[in-house]
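*Asks:* This is data_26.cif, which holds mmCIF, N, CA and C atoms:
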data_upload
loop_
_atom_site.label_atom_id
_atom_site.label_comp_id
_atom_site.auth_asym_id
_atom_site.auth_seq_id
_atom_site.Cartn_x
_atom_site.Cartn_y
_atom_site.Cartn_z
N MET A 199 17.47 -85.33 -11.47
CA MET A 199 18.43 -85.86 -12.41
C MET A 199 19.19 -86.97 -11.70
N SER A 200 19.27 -88.13 -12.32
CA SER A 200 19.94 -89.26 -11.73
C SER A 200 20.68 -90.03 -12.80
N THR A 201 21.83 -90.54 -12.44
CA THR A 201 22.60 -91.35 -13.37
C THR A 201 22.96 -92.66 -12.70
N ASN A 202 23.40 -93.63 -13.48
CA ASN A 202 23.76 -94.92 -12.93
C ASN A 202 25.24 -95.02 -12.61
N SER A 203 26.00 -93.98 -12.87
CA SER A 203 27.41 -93.97 -12.51
C SER A 203 27.82 -92.57 -12.14
N THR A 204 28.95 -92.47 -11.45
CA THR A 204 29.49 -91.16 -11.10
C THR A 204 30.88 -91.06 -11.68
N GLU A 205 31.30 -89.84 -11.94
CA GLU A 205 32.64 -89.63 -12.49
C GLU A 205 33.63 -89.45 -11.35
N SER A 206 34.72 -90.16 -11.39
CA SER A 206 35.78 -90.03 -10.40
C SER A 206 37.09 -90.00 -11.15
N GLN A 207 37.68 -88.82 -11.25
CA GLN A 207 38.94 -88.61 -11.96
C GLN A 207 38.86 -89.16 -13.39
N GLY A 208 37.73 -88.91 -14.06
CA GLY A 208 37.58 -89.30 -15.45
C GLY A 208 37.12 -90.73 -15.68
N ASN A 209 37.03 -91.54 -14.63
CA ASN A 209 36.59 -92.92 -14.77
C ASN A 209 35.16 -93.06 -14.27
N ALA A 210 34.33 -93.79 -15.01
CA ALA A 210 32.97 -94.04 -14.58
C ALA A 210 33.00 -95.05 -13.43
N VAL A 211 32.35 -94.70 -12.33
CA VAL A 211 32.29 -95.57 -11.17
C VAL A 211 30.86 -96.11 -11.08
N PRO A 212 30.67 -97.44 -11.04
CA PRO A 212 29.31 -97.99 -10.96
C PRO A 212 28.58 -97.46 -9.73
N ARG A 213 27.31 -97.27 -9.88
CA ARG A 213 26.48 -96.76 -8.79
C ARG A 213 25.33 -97.72 -8.57
N ILE A 214 25.13 -98.13 -7.32
CA ILE A 214 23.99 -98.99 -7.00
C ILE A 214 23.23 -98.36 -5.84
N ARG A 215 22.02 -98.81 -5.62
CA ARG A 215 21.21 -98.31 -4.52
C ARG A 215 21.20 -99.34 -3.39
N ASP A 216 21.57 -98.90 -2.19
CA ASP A 216 21.56 -99.76 -1.01
C ASP A 216 20.14 -100.27 -0.77
N PRO A 217 19.98 -101.54 -0.36
CA PRO A 217 18.64 -102.06 -0.10
C PRO A 217 17.90 -101.27 0.99
N GLY A 218 18.64 -100.63 1.89
CA GLY A 218 18.01 -99.84 2.95
C GLY A 218 17.74 -98.39 2.56
N PHE A 219 17.98 -98.05 1.29
CA PHE A 219 17.78 -96.67 0.81
C PHE A 219 16.37 -96.19 1.15
N GLN A 220 16.29 -94.95 1.62
CA GLN A 220 15.00 -94.35 1.92
C GLN A 220 14.95 -92.95 1.33
N GLU A 221 13.77 -92.51 0.99
CA GLU A 221 13.59 -91.17 0.45
C GLU A 221 12.67 -90.40 1.40
N PHE A 222 13.04 -89.14 1.68
CA PHE A 222 12.29 -88.30 2.60
C PHE A 222 11.96 -86.97 1.93
N TYR A 223 10.88 -86.34 2.36
CA TYR A 223 10.60 -84.96 2.00
C TYR A 223 10.78 -84.15 3.28
N ALA A 224 11.64 -83.15 3.24
CA ALA A 224 11.87 -82.29 4.40
C ALA A 224 11.59 -80.85 4.01
N ASN A 225 11.00 -80.10 4.93
CA ASN A 225 10.75 -78.68 4.67
C ASN A 225 11.39 -77.79 5.73
N GLN A 226 12.30 -78.38 6.50
CA GLN A 226 13.03 -77.61 7.50
C GLN A 226 14.36 -78.31 7.75
N LEU A 227 15.37 -77.54 8.13
CA LEU A 227 16.71 -78.08 8.34
C LEU A 227 17.33 -77.48 9.59
N LEU A 228 17.92 -78.34 10.40
CA LEU A 228 18.65 -77.91 11.60
C LEU A 228 20.11 -78.29 11.38
N ILE A 229 21.02 -77.37 11.63
CA ILE A 229 22.45 -77.63 11.44
C ILE A 229 23.17 -77.46 12.78
N ASN A 230 23.95 -78.48 13.14
CA ASN A 230 24.80 -78.43 14.33
C ASN A 230 26.22 -78.74 13.90
N MET A 231 27.20 -78.29 14.68
CA MET A 231 28.58 -78.55 14.28
C MET A 231 29.48 -78.75 15.48
N SER A 232 30.59 -79.42 15.20
CA SER A 232 31.67 -79.59 16.16
C SER A 232 32.94 -79.32 15.37
N PRO A 233 34.10 -79.35 16.01
CA PRO A 233 35.33 -79.14 15.24
C PRO A 233 35.56 -80.21 14.16
N PHE A 234 34.90 -81.36 14.31
CA PHE A 234 35.18 -82.48 13.42
C PHE A 234 34.10 -82.78 12.40
N ASP A 235 32.86 -82.34 12.65
CA ASP A 235 31.80 -82.63 11.70
C ASP A 235 30.68 -81.60 11.76
N ILE A 236 29.85 -81.66 10.75
CA ILE A 236 28.66 -80.83 10.68
C ILE A 236 27.48 -81.78 10.52
N ALA A 237 26.49 -81.64 11.38
CA ALA A 237 25.33 -82.52 11.36
C ALA A 237 24.14 -81.78 10.78
N LEU A 238 23.53 -82.38 9.79
CA LEU A 238 22.33 -81.84 9.15
C LEU A 238 21.15 -82.70 9.59
N THR A 239 20.20 -82.11 10.30
CA THR A 239 18.99 -82.82 10.69
C THR A 239 17.86 -82.32 9.81
N PHE A 240 17.39 -83.20 8.94
CA PHE A 240 16.29 -82.85 8.05
C PHE A 240 14.99 -83.10 8.80
N GLN A 241 14.10 -82.11 8.74
CA GLN A 241 12.88 -82.14 9.52
C GLN A 241 11.67 -81.84 8.63
N LYS A 242 10.51 -82.17 9.16
CA LYS A 242 9.26 -81.87 8.46
C LYS A 242 8.29 -81.24 9.45
N VAL A 243 7.80 -80.05 9.12
CA VAL A 243 6.77 -79.41 9.92
C VAL A 243 5.45 -80.01 9.45
N THR A 244 4.74 -80.62 10.38
CA THR A 244 3.52 -81.33 10.02
C THR A 244 2.61 -81.40 11.23
N GLU A 245 1.42 -81.87 11.02
CA GLU A 245 0.47 -82.05 12.10
C GLU A 245 0.89 -83.30 12.88
N ILE A 246 1.25 -83.13 14.16
CA ILE A 246 1.73 -84.27 14.95
C ILE A 246 0.59 -84.94 15.72
N VAL A 247 -0.39 -84.16 16.10
CA VAL A 247 -1.66 -84.68 16.64
C VAL A 247 -2.74 -83.80 16.02
N PRO A 248 -3.96 -84.28 15.93
CA PRO A 248 -5.01 -83.47 15.29
C PRO A 248 -5.06 -82.04 15.82
N GLY A 249 -4.88 -81.11 14.90
CA GLY A 249 -4.96 -79.69 15.24
C GLY A 249 -3.68 -79.08 15.78
N GLN A 250 -2.61 -79.84 15.91
CA GLN A 250 -1.37 -79.29 16.47
C GLN A 250 -0.20 -79.54 15.53
N GLN A 251 0.43 -78.44 15.11
CA GLN A 251 1.63 -78.53 14.26
C GLN A 251 2.85 -78.81 15.13
N GLY A 252 3.79 -79.53 14.56
CA GLY A 252 5.03 -79.81 15.26
C GLY A 252 6.13 -80.12 14.25
N VAL A 253 7.31 -80.31 14.76
CA VAL A 253 8.47 -80.63 13.92
C VAL A 253 8.86 -82.08 14.17
N VAL A 254 8.99 -82.84 13.07
CA VAL A 254 9.39 -84.23 13.14
C VAL A 254 10.79 -84.36 12.56
N ASP A 255 11.74 -84.87 13.36
CA ASP A 255 13.09 -85.13 12.84
C ASP A 255 13.01 -86.38 11.97
N LEU A 256 13.45 -86.28 10.72
CA LEU A 256 13.38 -87.40 9.79
C LEU A 256 14.67 -88.19 9.71
N VAL A 257 15.78 -87.46 9.54
CA VAL A 257 17.08 -88.12 9.41
C VAL A 257 18.17 -87.13 9.76
N ASN A 258 19.26 -87.65 10.33
CA ASN A 258 20.43 -86.83 10.64
C ASN A 258 21.61 -87.35 9.83
N ILE A 259 22.29 -86.46 9.15
CA ILE A 259 23.46 -86.83 8.35
C ILE A 259 24.64 -86.00 8.85
N SER A 260 25.71 -86.68 9.27
CA SER A 260 26.92 -85.99 9.72
C SER A 260 27.99 -86.12 8.65
N ILE A 261 28.62 -84.98 8.32
CA ILE A 261 29.67 -84.96 7.31
C ILE A 261 30.81 -84.09 7.79
N SER A 262 31.97 -84.23 7.14
CA SER A 262 33.13 -83.41 7.50
C SER A 262 32.88 -81.96 7.05
N PRO A 263 33.53 -81.01 7.70
CA PRO A 263 33.42 -79.62 7.25
C PRO A 263 33.86 -79.45 5.79
N GLN A 264 34.86 -80.22 5.36
CA GLN A 264 35.33 -80.12 3.98
C GLN A 264 34.24 -80.59 3.02
N GLN A 265 33.57 -81.70 3.36
CA GLN A 265 32.49 -82.20 2.51
C GLN A 265 31.32 -81.23 2.51
N PHE A 266 31.06 -80.59 3.66
CA PHE A 266 29.98 -79.60 3.75
C PHE A 266 30.25 -78.43 2.81
N LYS A 267 31.50 -77.96 2.80
CA LYS A 267 31.86 -76.85 1.92
C LYS A 267 31.72 -77.25 0.45
N ALA A 268 32.19 -78.46 0.11
CA ALA A 268 32.05 -78.94 -1.27
C ALA A 268 30.57 -79.07 -1.64
N MET A 269 29.76 -79.55 -0.69
CA MET A 269 28.33 -79.70 -0.93
C MET A 269 27.66 -78.34 -1.14
N SER A 270 28.10 -77.33 -0.37
CA SER A 270 27.49 -76.00 -0.52
C SER A 270 27.77 -75.43 -1.91
N LYS A 271 28.96 -75.70 -2.45
CA LYS A 271 29.28 -75.24 -3.81
C LYS A 271 28.42 -75.98 -4.83
N LEU A 272 28.24 -77.28 -4.63
CA LEU A 272 27.40 -78.07 -5.53
C LEU A 272 25.95 -77.59 -5.49
N ILE A 273 25.45 -77.31 -4.30
CA ILE A 273 24.08 -76.81 -4.15
C ILE A 273 23.93 -75.45 -4.83
N THR A 274 24.89 -74.56 -4.63
CA THR A 274 24.84 -73.24 -5.27
C THR A 274 24.82 -73.37 -6.79
N ASN A 275 25.70 -74.21 -7.34
CA ASN A 275 25.71 -74.42 -8.79
C ASN A 275 24.39 -74.99 -9.29
N THR A 276 23.82 -75.93 -8.54
CA THR A 276 22.56 -76.55 -8.93
C THR A 276 21.43 -75.54 -8.94
N ILE A 277 21.35 -74.69 -7.92
CA ILE A 277 20.29 -73.67 -7.86
C ILE A 277 20.46 -72.67 -9.00
N GLU A 278 21.69 -72.26 -9.27
CA GLU A 278 21.92 -71.32 -10.37
C GLU A 278 21.48 -71.92 -11.70
N ALA A 279 21.80 -73.18 -11.95
CA ALA A 279 21.39 -73.84 -13.19
C ALA A 279 19.87 -74.00 -13.23
N TYR A 280 19.27 -74.32 -12.11
CA TYR A 280 17.81 -74.45 -12.01
C TYR A 280 17.15 -73.13 -12.40
N GLU A 281 17.64 -72.03 -11.80
CA GLU A 281 17.05 -70.72 -12.07
C GLU A 281 17.25 -70.28 -13.51
N GLU A 282 18.36 -70.65 -14.10
CA GLU A 282 18.58 -70.33 -15.52
C GLU A 282 17.54 -71.00 -16.41
N ASN A 283 17.11 -72.18 -16.02
CA ASN A 283 16.16 -72.94 -16.83
C ASN A 283 14.70 -72.72 -16.46
N TYR A 284 14.42 -72.51 -15.18
CA TYR A 284 13.03 -72.43 -14.72
C TYR A 284 12.61 -71.06 -14.21
N GLY A 285 13.54 -70.15 -14.07
CA GLY A 285 13.22 -68.82 -13.55
C GLY A 285 13.68 -68.66 -12.11
N ARG A 286 13.82 -67.41 -11.73
CA ARG A 286 14.35 -67.07 -10.41
C ARG A 286 13.40 -67.53 -9.31
N LEU A 287 13.97 -68.13 -8.29
CA LEU A 287 13.20 -68.52 -7.11
C LEU A 287 13.14 -67.33 -6.16
N THR A 288 11.99 -67.08 -5.62
CA THR A 288 11.85 -66.00 -4.64
C THR A 288 11.34 -66.60 -3.33
N ILE A 289 11.99 -66.20 -2.25
CA ILE A 289 11.63 -66.65 -0.92
C ILE A 289 11.64 -65.41 -0.03
N PRO A 290 10.55 -65.15 0.70
CA PRO A 290 10.55 -63.99 1.60
C PRO A 290 11.70 -64.08 2.60
N ASP A 291 12.39 -62.96 2.81
CA ASP A 291 13.56 -62.93 3.70
C ASP A 291 13.28 -63.52 5.07
N GLN A 292 12.10 -63.26 5.64
CA GLN A 292 11.82 -63.75 6.98
C GLN A 292 11.75 -65.28 7.03
N GLU A 293 11.56 -65.92 5.90
CA GLU A 293 11.50 -67.39 5.89
C GLU A 293 12.88 -68.04 5.79
N ILE A 294 13.90 -67.30 5.35
CA ILE A 294 15.23 -67.87 5.20
C ILE A 294 16.28 -67.18 6.05
N GLU A 295 15.87 -66.21 6.82
CA GLU A 295 16.81 -65.48 7.66
C GLU A 295 17.29 -66.40 8.79
N PRO A 296 18.61 -66.61 8.91
CA PRO A 296 19.12 -67.46 9.99
C PRO A 296 18.76 -66.89 11.35
N LYS A 297 18.59 -67.77 12.33
CA LYS A 297 18.26 -67.32 13.68
C LYS A 297 19.42 -66.56 14.30
N LEU A 298 20.66 -66.94 13.92
CA LEU A 298 21.85 -66.27 14.42
C LEU A 298 22.61 -65.65 13.27
N SER A 299 23.20 -64.48 13.50
CA SER A 299 24.04 -63.86 12.49
C SER A 299 25.35 -64.63 12.40
N LYS A 300 26.12 -64.36 11.35
CA LYS A 300 27.43 -65.00 11.20
C LYS A 300 28.31 -64.69 12.41
N ASN A 301 28.28 -63.45 12.90
CA ASN A 301 29.09 -63.07 14.06
C ASN A 301 28.65 -63.80 15.32
N GLU A 302 27.33 -63.92 15.53
CA GLU A 302 26.82 -64.63 16.71
C GLU A 302 27.20 -66.11 16.64
N LEU A 303 27.09 -66.69 15.46
CA LEU A 303 27.45 -68.09 15.27
C LEU A 303 28.95 -68.30 15.51
N SER A 304 29.76 -67.40 14.99
CA SER A 304 31.20 -67.49 15.19
C SER A 304 31.55 -67.39 16.67
N LYS A 305 30.88 -66.53 17.40
CA LYS A 305 31.12 -66.38 18.83
C LYS A 305 30.77 -67.68 19.57
N LEU A 306 29.64 -68.30 19.22
CA LEU A 306 29.27 -69.57 19.85
C LEU A 306 30.29 -70.66 19.57
N ILE A 307 30.78 -70.71 18.35
CA ILE A 307 31.78 -71.70 17.98
C ILE A 307 33.06 -71.47 18.79
N SER A 308 33.48 -70.22 18.88
CA SER A 308 34.69 -69.87 19.63
C SER A 308 34.54 -70.26 21.10
N GLU A 309 33.38 -69.98 21.70
CA GLU A 309 33.14 -70.34 23.09
C GLU A 309 33.16 -71.86 23.27
N SER A 310 32.60 -72.57 22.31
CA SER A 310 32.58 -74.03 22.37
C SER A 310 34.00 -74.60 22.28
N LEU A 311 34.81 -74.02 21.40
CA LEU A 311 36.20 -74.46 21.27
C LEU A 311 36.98 -74.21 22.56
N THR A 312 36.75 -73.07 23.18
CA THR A 312 37.42 -72.73 24.44
C THR A 312 37.04 -73.74 25.52
N LYS A 313 35.76 -74.08 25.62
CA LYS A 313 35.31 -75.06 26.62
C LYS A 313 35.92 -76.43 26.33
N SER A 314 35.99 -76.82 25.06
CA SER A 314 36.59 -78.12 24.69
C SER A 314 38.05 -78.17 25.09
N ARG A 315 38.77 -77.08 24.84
CA ARG A 315 40.20 -77.03 25.21
C ARG A 315 40.37 -77.12 26.72
N GLU A 316 39.52 -76.40 27.46
CA GLU A 316 39.60 -76.43 28.93
C GLU A 316 39.31 -77.83 29.45
N THR A 317 38.32 -78.51 28.87
CA THR A 317 38.00 -79.88 29.26
C THR A 317 39.17 -80.80 28.97
N GLY A 318 39.80 -80.64 27.81
CA GLY A 318 40.96 -81.44 27.44
C GLY A 318 42.11 -81.25 28.39
N LYS A 319 42.34 -80.02 28.84
CA LYS A 319 43.42 -79.75 29.79
C LYS A 319 43.13 -80.42 31.13
N LYS A 320 41.87 -80.39 31.57
CA LYS A 320 41.50 -81.02 32.84
C LYS A 320 41.70 -82.53 32.78
N ILE A 321 41.36 -83.13 31.66
CA ILE A 321 41.52 -84.58 31.50
C ILE A 321 42.99 -84.95 31.52
N LYS A 322 43.84 -84.16 30.87
CA LYS A 322 45.28 -84.43 30.86
C LYS A 322 45.89 -84.30 32.23
N GLN A 323 45.37 -83.38 33.07
CA GLN A 323 45.89 -83.16 34.41
C GLN A 323 45.59 -84.33 35.34
N LYS A 324 44.54 -85.08 35.05
CA LYS A 324 44.12 -86.17 35.94
C LYS A 324 44.97 -87.35 35.75
#
Hey, can you dump this file as structure tokens for me?
*Replies:*
Amino acid sequence: MSTNSTESQGNAVPRIRDPGFQEFYANQLLINMSPFDIALTFQKVTEIVPGQQGVVDLVNISISPQQFKAMSKLITNTIEAYEENYGRLTIPDQEIEPKLSKNELSKLISESLTKSRETGKKIKQK
């Protein structure tokens, strides 16, 4: 679904396509984060040399955590509307199970924040 304008506070905003616009097909996603942004690396699992599968990084998009949260709500609404019209999507759990649990991810983030703070203190001391 595509439109030529977007709604912004009730006003239609013209929409154009950048001359450098590119379209990609990705079948894998890598997510990294810092306190200031979340980076989405879209990837494609494909044959990289004859007979050997590999992962090709296609594009990296960095956004604010606030935009990421807004995007997740938009994606959830889109999938729900899709399923209402086309039927429920089924994906085997092992294909969508995150490598780290929420608790493990939270622990890594906390450790990263602690290291960042320690580095900041060392820089201030110099």
*Asks:* Edge lengths and centre in Å to one decimal, as JSON, is what I'm after for the box along x, y and z that holds all listed atoms of stretch 307-316 of chain A once 3 Å is added on each side.
*Replies:*
{"center_x": 35.6, "center_y": -74.0, "center_z": 23.7, "size_x": 15.6, "size_y": 14.3, "size_z": 17.5}
*Asks:* With a distance cut-off of 7 Å and only C-alpha atoms, select the neighbouring residues of stretch 219-232 of chain A, excluding the residue or stretch itself and same-chain residues fewer than 4 positions from it, and output the selection as a list in words.
*Replies:*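 Skipping anything fewer than 4 positions along the chain leaves Arg215, Ile236, Ala237, Leu238, Thr239, Phe240, Gln241, Lys242 and Val243 of chain A.
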*Asks:* Check the DSSP output for the backbone and give back, as a ChimeraX atom specification, the residues of chain A in strand (DSSP E or B).
*Replies:* /A:203-206,209-212,226-231,236-247,250-261
*Asks:* Write out as a count of residues only each polymer residue whose atoms come within 6.5 Å of A:Ser262, counting only N, CA and C atoms; drop sequence neighbours fewer than 3 positions from it.
*Replies:* 6
*Asks:* Please measure the separation of atom CA of A:Gly218 and atom CA of A:Ile261, giving the value in Å to one decimal.
*Replies:*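 For atom CA of A:Gly218 relative to atom CA of A:Ile261, the distance reads 19.4 Å.
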*Asks:* Go ahead and compute the interatomic distance for atom CA of A:Asp216 and atom CA of A:Thr276, in Å to one decimal.
*Replies:*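 Atom CA of A:Thr276 lies 24.5 Å from atom CA of A:Asp216.
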*Asks:* For the structure I just gave you, how does DSSP split chain A - specifically, which residues are alpha helix (DSSP H)? Reply as a PyMOL selection string.
*Replies:* chain A and resi 263-284+291-294+300-323
*Asks:* The selected residues should be written to file as a short mmCIF file (atom, residue, chain, number, x, y, z; two decimals), keeping the file's coordinate frame (atoms: N, CA and C atoms).
*Replies:*
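Final output, out38.cif:
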data_model
loop_
_atom_site.label_atom_id
_atom_site.label_comp_id
_atom_site.auth_asym_id
_atom_site.auth_seq_id
_atom_site.Cartn_x
_atom_site.Cartn_y
_atom_site.Cartn_z
N PRO A 263 33.53 -81.01 7.70
CA PRO A 263 33.42 -79.62 7.25
C PRO A 263 33.86 -79.45 5.79
N GLN A 264 34.86 -80.22 5.36
CA GLN A 264 35.33 -80.12 3.98
C GLN A 264 34.24 -80.59 3.02
N GLN A 265 33.57 -81.70 3.36
CA GLN A 265 32.49 -82.20 2.51
C GLN A 265 31.32 -81.23 2.51
N PHE A 266 31.06 -80.59 3.66
CA PHE A 266 29.98 -79.60 3.75
C PHE A 266 30.25 -78.43 2.81
N LYS A 267 31.50 -77.96 2.80
CA LYS A 267 31.86 -76.85 1.92
C LYS A 267 31.72 -77.25 0.45
N ALA A 268 32.19 -78.46 0.11
CA ALA A 268 32.05 -78.94 -1.27
C ALA A 268 30.57 -79.07 -1.64
N MET A 269 29.76 -79.55 -0.69
CA MET A 269 28.33 -79.70 -0.93
C MET A 269 27.66 -78.34 -1.14
N SER A 270 28.10 -77.33 -0.37
CA SER A 270 27.49 -76.00 -0.52
C SER A 270 27.77 -75.43 -1.91
N LYS A 271 28.96 -75.70 -2.45
CA LYS A 271 29.28 -75.24 -3.81
C LYS A 271 28.42 -75.98 -4.83
N LEU A 272 28.24 -77.28 -4.63
CA LEU A 272 27.40 -78.07 -5.53
C LEU A 272 25.95 -77.59 -5.49
N ILE A 273 25.45 -77.31 -4.30
CA ILE A 273 24.08 -76.81 -4.15
C ILE A 273 23.93 -75.45 -4.83
N THR A 274 24.89 -74.56 -4.63
CA THR A 274 24.84 -73.24 -5.27
C THR A 274 24.82 -73.37 -6.79
N ASN A 275 25.70 -74.21 -7.34
CA ASN A 275 25.71 -74.42 -8.79
C ASN A 275 24.39 -74.99 -9.29
N THR A 276 23.82 -75.93 -8.54
CA THR A 276 22.56 -76.55 -8.93
C THR A 276 21.43 -75.54 -8.94
N ILE A 277 21.35 -74.69 -7.92
CA ILE A 277 20.29 -73.67 -7.86
C ILE A 277 20.46 -72.67 -9.00
N GLU A 278 21.69 -72.26 -9.27
CA GLU A 278 21.92 -71.32 -10.37
C GLU A 278 21.48 -71.92 -11.70
N ALA A 279 21.80 -73.18 -11.95
CA ALA A 279 21.39 -73.84 -13.19
C ALA A 279 19.87 -74.00 -13.23
N TYR A 280 19.27 -74.32 -12.11
CA TYR A 280 17.81 -74.45 -12.01
C TYR A 280 17.15 -73.13 -12.40
N GLU A 281 17.64 -72.03 -11.80
CA GLU A 281 17.05 -70.72 -12.07
C GLU A 281 17.25 -70.28 -13.51
N GLU A 282 18.36 -70.65 -14.10
CA GLU A 282 18.58 -70.33 -15.52
C GLU A 282 17.54 -71.00 -16.41
N ASN A 283 17.11 -72.18 -16.02
CA ASN A 283 16.16 -72.94 -16.83
C ASN A 283 14.70 -72.72 -16.46
N TYR A 284 14.42 -72.51 -15.18
CA TYR A 284 13.03 -72.43 -14.72
C TYR A 284 12.61 -71.06 -14.21
N ASP A 291 12.39 -62.96 2.81
CA ASP A 291 13.56 -62.93 3.70
C ASP A 291 13.28 -63.52 5.07
N GLN A 292 12.10 -63.26 5.64
CA GLN A 292 11.82 -63.75 6.98
C GLN A 292 11.75 -65.28 7.03
N GLU A 293 11.56 -65.92 5.90
CA GLU A 293 11.50 -67.39 5.89
C GLU A 293 12.88 -68.04 5.79
N ILE A 294 13.90 -67.30 5.35
CA ILE A 294 15.23 -67.87 5.20
C ILE A 294 16.28 -67.18 6.05
N LYS A 300 26.12 -64.36 11.35
CA LYS A 300 27.43 -65.00 11.20
C LYS A 300 28.31 -64.69 12.41
N ASN A 301 28.28 -63.45 12.90
CA ASN A 301 29.09 -63.07 14.06
C ASN A 301 28.65 -63.80 15.32
N GLU A 302 27.33 -63.92 15.53
CA GLU A 302 26.82 -64.63 16.71
C GLU A 302 27.20 -66.11 16.64
N LEU A 303 27.09 -66.69 15.46
CA LEU A 303 27.45 -68.09 15.27
C LEU A 303 28.95 -68.30 15.51
N SER A 304 29.76 -67.40 14.99
CA SER A 304 31.20 -67.49 15.19
C SER A 304 31.55 -67.39 16.67
N LYS A 305 30.88 -66.53 17.40
CA LYS A 305 31.12 -66.38 18.83
C LYS A 305 30.77 -67.68 19.57
N LEU A 306 29.64 -68.30 19.22
CA LEU A 306 29.27 -69.57 19.85
C LEU A 306 30.29 -70.66 19.57
N ILE A 307 30.78 -70.71 18.35
CA ILE A 307 31.78 -71.70 17.98
C ILE A 307 33.06 -71.47 18.79
N SER A 308 33.48 -70.22 18.88
CA SER A 308 34.69 -69.87 19.63
C SER A 308 34.54 -70.26 21.10
N GLU A 309 33.38 -69.98 21.70
CA GLU A 309 33.14 -70.34 23.09
C GLU A 309 33.16 -71.86 23.27
N SER A 310 32.60 -72.57 22.31
CA SER A 310 32.58 -74.03 22.37
C SER A 310 34.00 -74.60 22.28
N LEU A 311 34.81 -74.02 21.40
CA LEU A 311 36.20 -74.46 21.27
C LEU A 311 36.98 -74.21 22.56
N THR A 312 36.75 -73.07 23.18
CA THR A 312 37.42 -72.73 24.44
C THR A 312 37.04 -73.74 25.52
N LYS A 313 35.76 -74.08 25.62
CA LYS A 313 35.31 -75.06 26.62
C LYS A 313 35.92 -76.43 26.33
N SER A 314 35.99 -76.82 25.06
CA SER A 314 36.59 -78.12 24.69
C SER A 314 38.05 -78.17 25.09
N ARG A 315 38.77 -77.08 24.84
CA ARG A 315 40.20 -77.03 25.21
C ARG A 315 40.37 -77.12 26.72
N GLU A 316 39.52 -76.40 27.46
CA GLU A 316 39.60 -76.43 28.93
C GLU A 316 39.31 -77.83 29.45
N THR A 317 38.32 -78.51 28.87
CA THR A 317 38.00 -79.88 29.26
C THR A 317 39.17 -80.80 28.97
N GLY A 318 39.80 -80.64 27.81
CA GLY A 318 40.96 -81.44 27.44
C GLY A 318 42.11 -81.25 28.39
N LYS A 319 42.34 -80.02 28.84
CA LYS A 319 43.42 -79.75 29.79
C LYS A 319 43.13 -80.42 31.13
N LYS A 320 41.87 -80.39 31.57
CA LYS A 320 41.50 -81.02 32.84
C LYS A 320 41.70 -82.53 32.78
N ILE A 321 41.36 -83.13 31.66
CA ILE A 321 41.52 -84.58 31.50
C ILE A 321 42.99 -84.95 31.52
N LYS A 322 43.84 -84.16 30.87
CA LYS A 322 45.28 -84.43 30.86
C LYS A 322 45.89 -84.30 32.23
N GLN A 323 45.37 -83.38 33.07
CA GLN A 323 45.89 -83.16 34.41
C GLN A 323 45.59 -84.33 35.34
#
*Asks:* In Å, rounded to a single decimal, give me how far atom N of A:Ile294 is from atom C of A:Asp255.
*Replies:*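 Those two atoms sit 20.2 Å apart.
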